[in-house]
Each structure stands twice: as structure tokens, then as C-alpha cells.
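So the structure is just underneath, and the comments pick up after that.
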Amino acid sequence: MLTRALEIGVTCIAAHCGTGTMLIDPDYFDVFVEMTRRFPRLYGDNSALASVTCRLRPSALRRMLEPPLAGRIPPWQRRADPVTGAMMWALGLISRREWRATARLSNPIERDAQLKRALGFSEETFTRLAGLLRQRVGRVALNAPAVTCR
């Protein structure tokens with residue numbers, strides 16, 4: 001669905017790097033990885049990684065953390081997504097101490113950021129999004145829906 005937009009030069013952010021949620025969604029992560037090789041303006045968000053609905057694949061996560069893919073993933077977290085590190089701990093991706101420390105955080109966005117740091121996402125990951133989203137002069141939209149493509 002993003003191919004035509006990318007072919008004409010639109011910057012696109014693929015939701016969840018193409019990974020599926022739970023067992024009902026297909027997983028397009030491998031397609032996403034292949035498309036990032038073809039399209040320099042394709043990015044993928046890491047918003048679902050700490051969500052209880054994410055079907056976390058340790059192999060996909062490891063690939064997200066390696067160059068050049070790591071440079072194509074800005075953070076994105078919606079306040080409504082329930083954030084937990086339980087699955088990450090169960091899969092051995094973070095330590096019990098890291099999981100328990102993040103579980104004590106009341107702010108879900110801070111919890112999400114700390115979990116992503118524990119997983120190994122670089123600090124650059126947390127600042128990259130500002131450079132991708134175009135600034136709209138004279139129009140500010142508070143509580144606007146998530147931007148997936150521009």
C-alpha cells in the first residue's frame with residue numbers, strides 16, 4: 001500500500017515496522033525490511049513493542065536494533081496503548097530487574113521509553129521523529145490523529 005507513495009518521494013512511517021498484533025494480523029516485517037532497502041524515505045515506528053497486543057518476535061527486534069535498520073525507526077507511542085514489559089521479560093529480552101523497574105513507572109510514555117532503552121534502542125531513536133514530521137506553519141493541531149505518511 002505504501003509503494004506508490006514512496007515511489008513519488010513521500011516520507012512514510014510504517015506502523016509497527018509491519019509486525020502483526022496478536023495472532024489475527026499478518027506479519028509484514030520481512031516485507032518492511034526489504035522495502036527499506038529500496039526506499040530511503042520509508043521508516044517504521046516501534047510503538048507496539050511494549051504493548052500487550054504486540055506479537056513480539058525476538059528475531060525481528062534484534063534486526064530493528066542493527067544498522068542500517070536501527071536508523072529507520074523513530075519512536076511513536078500512543079497514550080491509549082497499554083504498556084508492559086512482561087512479554088519482553090518472559091522472552092528473555094530484558095532482565096527481571098529492568099521489567100520490575102519499568103512496572104513501577106506510572107507514566108505509560110516514560111515506561112515505554114525505559115523499556116525501549118532496556119531493549120537496546122539508541123538515544124537517537126527518541127529524537128529522530130522531530131526531523132521526519134513536517135512543521136506546519138500557522139496550524140497547530142492538538143490531539144491530532146497519528147501521522148503515518150506525509
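Letters for chains follow the order of the C-alpha cells (A, B, ...), residue numbers begin at 1 for each chain, and ligand numbers begin at 1 in the order shown.
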
Compile the contact shell of Arg41 (chain A) as number ranges by chain: residues with an atom at most 10 Å away, counting only C-alpha atoms, same-chain residues fewer than 2 positions apart removed. A: 5-7, 9-13, 35-39, 43, 72, 132

Please identify all polymer residues within 10 Å of Lys116 (chain A), counting only C-alpha atoms, omitting same-chain residues fewer than 4 positions from it, and present them as a list in words. Asn46, Ser47, Leu49, Ala50, Pro75, Gly85, Ile94, Glu110, Arg111, Asp112, Gly120, Phe121, Ser122, Glu123, Thr125 and Phe126 of chain A

Find the residues around Arg100 (chain A) up to 12 Å (only C-alpha atoms counted), leave out those fewer than 2 positions away in its own chain, and share them as an MDAnalysis selection string. chainID A and resid 84:86 88:89 94:98 102:105 111 114:115 118

Need the shell around Val31 (chain A): protein/DNA/RNA residues with any atom at most 12 Å away, counting only C-alpha atoms. Skip same-chain ones fewer than 4 positions apart. Format as a list in words? Met1, Leu2, Thr3, Ala14, Cys17, Gly18, Thr19, Pro26, Asp27, Met35, Thr36, Arg37, Arg38, Phe39, Leu42, Gly44 and Ala60 of chain A

Between A:Ala101, A:Val33, A:Ile8, A:Met87, single out the one closest to Pro67 (chain A), counting only C-alpha atoms.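 Smallest distance to Pro67 (chain A) is found for A:Val33.
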